[in-house]
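Enquirer: The structure is given below, and queries will be raised subsequently.
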Amino acid sequence: MSESENILEELDQILQNGLNALQQVQDEAQLGGWRTAHLGRSAPVMQVFARMSSIPKEIRQQVGQKANQVKIALENALEERSAVLRREALERKLTAERLDVTLPGRQPALGRAHPATQALDEICAIFIEMGFQIYRSPEVETEELNFELLNIPAHHPARDMWDTFHTTTPGVILRTHTSPGQIRAMREMAPHPIRVILPGMVYRYEQTNASHEMQFNQVELLAVGRQITFANLKGTLESFAKRMFGEGVRTRFRPSYFPFTEPSAEVDMECFICGGKGCGVCRGSGWLEIGGCGMVHPVVLQNGGYDPAVFSGFAAGLGPERIAMLKYHIEDIRYFWQNDIRFLEQF
């Protein structure tokens, strides 16, 4: 047998060996190994190309053509086998992860209002039923509206009650209470009677603990008109407490002091845990504070555009988070703003 016939027969054997080995490949990892063994730099067909310089010139072209045909045949066979393996892998995956499109879809989870918002909405709804309307005022206020016009001049000792967030603009602060909205509402509506609630967020730069936060909601209550008395204030807040906590709740008013009301009082509700007997929640007193109130100070009425000799009014401040804590037996006010889903999902 001639040298040409030997080389051509060798190439036929290389092709046959490669095709036989390819049929045994079952996955991508084995396919990579086959590619290295039969088409890599050290593969038999590639060694034939490396020997071309030693092959006689008269058969070199014939051997080169045959080697190229074998290499192309192996590459085509590799592509076909790769496509078959991909198709088989896809079929196995579809079988293992079969999706029944006739099943009903999963209902998406619906969100709900934040517990502080729920309490705020409930408080507003009760006062709206009593004839009050909602009045919104800015959270960024001037010191004049937040303090001076509410009978709290500079250096007044009552300013120690509020630690304030000041902005970089002199005289502009984050409001420490919703009471500056009283001045805005009165100046907008004077000399007509007023019956409004002013809900919103307030900010105080103070240490947080189980009963104090640096930001929280307030609801301001304001009524101005002719012959409004403390009895009107007392009846309004007692009615609110009964609607909020139940007909059996008892309330009391304790004398207190606020610069913008005179006389002033704190409103307490009988402890829902011990029924007034005294416990750890009410610190043994039998009562829980729900807000402060009083008759609008004559200076504040005058600053709002009303003649205090003709008009009178009452005001009250309630904390929705505090009320929610009482109603739902929440122990720590910081839970409201920690965004703990375990807490929020309970409401």
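Here, A, B, ... name the chains of the structure tokens in the order displayed, residue numbers run from 1 inside each chain, and ligands are numbered from 1 in the same displayed order.
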Using only C-alpha atoms, which protein or nucleic acid residues come within 10 Å of A:His156? Drop anything in the same chain fewer than 4 positions from it, and give the result as a list in words.
Expert: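 Close residues of A:His156: Phe147, Glu148, Asn151, Ile152, Asp160 and Pro259 of chain A.
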Enquirer: Let me make sure I understand: among A:Arg334, A:Lys66, A:Arg87, A:Arg136, which one has the smallest atom-to-atom distance to A:Gln182 if we use only C-alpha atoms?
Expert: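 Checking each candidate against A:Gln182, we get A:Arg136 as the closest.
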Enquirer: DSSP says alpha helix (DSSP H) for which residues of stretch 35-284 of chain A? Put them as number ranges by chain?
Expert: A: 35-39, 44-50, 57-96, 115-129, 143-146, 180-189, 230-245
Enquirer: For stretch 214-262 of chain A against stretch 271-290 of chain A, with a cut-off of 10 Å and counting only C-alpha atoms, what is the closest atom pair and its distance in Å to one decimal for every residue that makes the cut, ordered by chain and number, as CSV?
Expert:
residue,atom,partner,partner_atom,distance
A:Ala241,CA,A:Ile290,CA,9.1
A:Phe245,CA,A:Phe272,CA,9.1
A:Val249,CA,A:Phe272,CA,8.2
A:Arg250,CA,A:Cys271,CA,8.9
A:Thr251,CA,A:Trp287,CA,8.4
A:Arg252,CA,A:Trp287,CA,8.6
A:Phe253,CA,A:Glu289,CA,9.7
A:Arg254,CA,A:Glu289,CA,9.9
Enquirer: For stretch 61-63 of chain A, please output as a PyMOL selection string all residues within 10 Å (counting only C-alpha atoms; exclusion window: fewer than 5 positions along the same chain).
Expert: chain A and resi 4-5+7-8+11+48-49+52+55-56+68-69
Enquirer: If we count only C-alpha atoms and set the cut-off at 12 Å, which residues sit around A:Thr208, ignoring sequence neighbours fewer than 3 positions away in its own chain? Please answer as a tab-separated table (two decimals) with N, CA and C atoms, in the first residue's frame.
Expert:
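This is the output file result_19.tsv:
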chain	number	residue	atom	x	y	z
A	203	TYR	N	-42.38	67.58	64.68
A	203	TYR	CA	-41.00	67.13	64.87
A	203	TYR	C	-40.41	67.77	66.12
A	204	ARG	N	-39.76	66.95	66.95
A	204	ARG	CA	-39.12	67.46	68.16
A	204	ARG	C	-37.77	66.78	68.34
A	205	TYR	N	-36.76	67.58	68.56
A	205	TYR	CA	-35.41	67.07	68.72
A	205	TYR	C	-35.23	66.62	70.17
A	211	SER	N	-42.24	55.90	75.02
A	211	SER	CA	-43.40	56.79	74.95
A	211	SER	C	-43.11	58.11	74.24
A	212	HIS	N	-41.89	58.30	73.72
A	212	HIS	CA	-41.56	59.55	73.04
A	212	HIS	C	-40.83	59.24	71.73
A	213	GLU	N	-41.20	59.98	70.68
A	213	GLU	CA	-40.55	59.88	69.38
A	213	GLU	C	-40.15	61.26	68.90
A	214	MET	N	-39.21	61.32	67.97
A	214	MET	CA	-38.78	62.61	67.44
A	214	MET	C	-39.69	63.11	66.32
A	215	GLN	N	-40.52	62.24	65.78
A	215	GLN	CA	-41.56	62.66	64.84
A	215	GLN	C	-42.80	61.84	65.11
A	216	PHE	N	-43.94	62.49	65.05
A	216	PHE	CA	-45.20	61.81	65.33
A	216	PHE	C	-46.35	62.67	64.81
A	332	ASP	N	-44.81	50.23	72.83
A	332	ASP	CA	-43.67	51.09	72.48
A	332	ASP	C	-44.02	51.93	71.25
A	333	ILE	N	-43.97	53.25	71.38
A	333	ILE	CA	-44.34	54.14	70.27
A	333	ILE	C	-43.36	54.03	69.11
A	334	ARG	N	-42.13	53.55	69.38
A	334	ARG	CA	-41.13	53.44	68.31
A	334	ARG	C	-41.49	52.37	67.29
A	335	TYR	N	-42.38	51.45	67.65
A	335	TYR	CA	-42.80	50.42	66.69
A	335	TYR	C	-43.42	51.03	65.43
A	337	TRP	N	-42.59	53.49	63.56
A	337	TRP	CA	-41.72	54.00	62.50
A	337	TRP	C	-40.49	53.13	62.27
Enquirer: Report, in Å to a single decimal, how far apart atom CA of A:Ala119 and atom CA of A:Lys242 are.
Expert: 15.0 Å
Enquirer: Which residues come within 7 Å of A:Gly225, counting only C-alpha atoms, excluding same-chain residues fewer than 3 positions away, as number ranges by chain?
Expert: A: 193-194, 228, 311-313
Enquirer: What would the file look like if the residues just selected were written as a PDB file, in the first residue's frame with C-alpha atoms?
Expert:
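Heads up, here's the output in part-v8.pdb:
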ATOM      1  CA  PRO A 193     -67.041  80.950  63.146  1.00  0.00           C
ATOM      2  CA  ILE A 194     -64.528  78.109  62.903  1.00  0.00           C
ATOM      3  CA  ILE A 228     -68.270  79.046  73.248  1.00  0.00           C
ATOM      4  CA  PHE A 311     -65.460  85.732  70.335  1.00  0.00           C
ATOM      5  CA  SER A 312     -64.232  82.776  72.349  1.00  0.00           C
ATOM      6  CA  GLY A 313     -63.019  79.348  71.402  1.00  0.00           C
TER       7      GLY A 313
END
Enquirer: Could you pull out all residues of stretch 261-327 of chain A with a DSSP call of strand (DSSP E or B) and give them as a count of residues only?
Expert: 27
Enquirer: Tell me, as number ranges by chain, which residues lie within 12 Å of A:Gln47, counting only C-alpha atoms; anything in the same chain fewer than 3 positions away does not count.
Expert: A: 7, 10-11, 14, 37-44, 50-54, 64, 67, 71
Enquirer: Calculate how many Å separate atom CA of A:Thr261 from atom CA of A:Ala315, rounding to one decimal.
Expert: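 Separation of atom CA of A:Thr261 and atom CA of A:Ala315: 7.4 Å.
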Enquirer: In Å, rounded to a single decimal, give me how far atom CA of A:Leu15 is from atom CA of A:Val84.
Expert: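 Taking atom CA of A:Val84 and atom CA of A:Leu15, their separation equals 19.8 Å.
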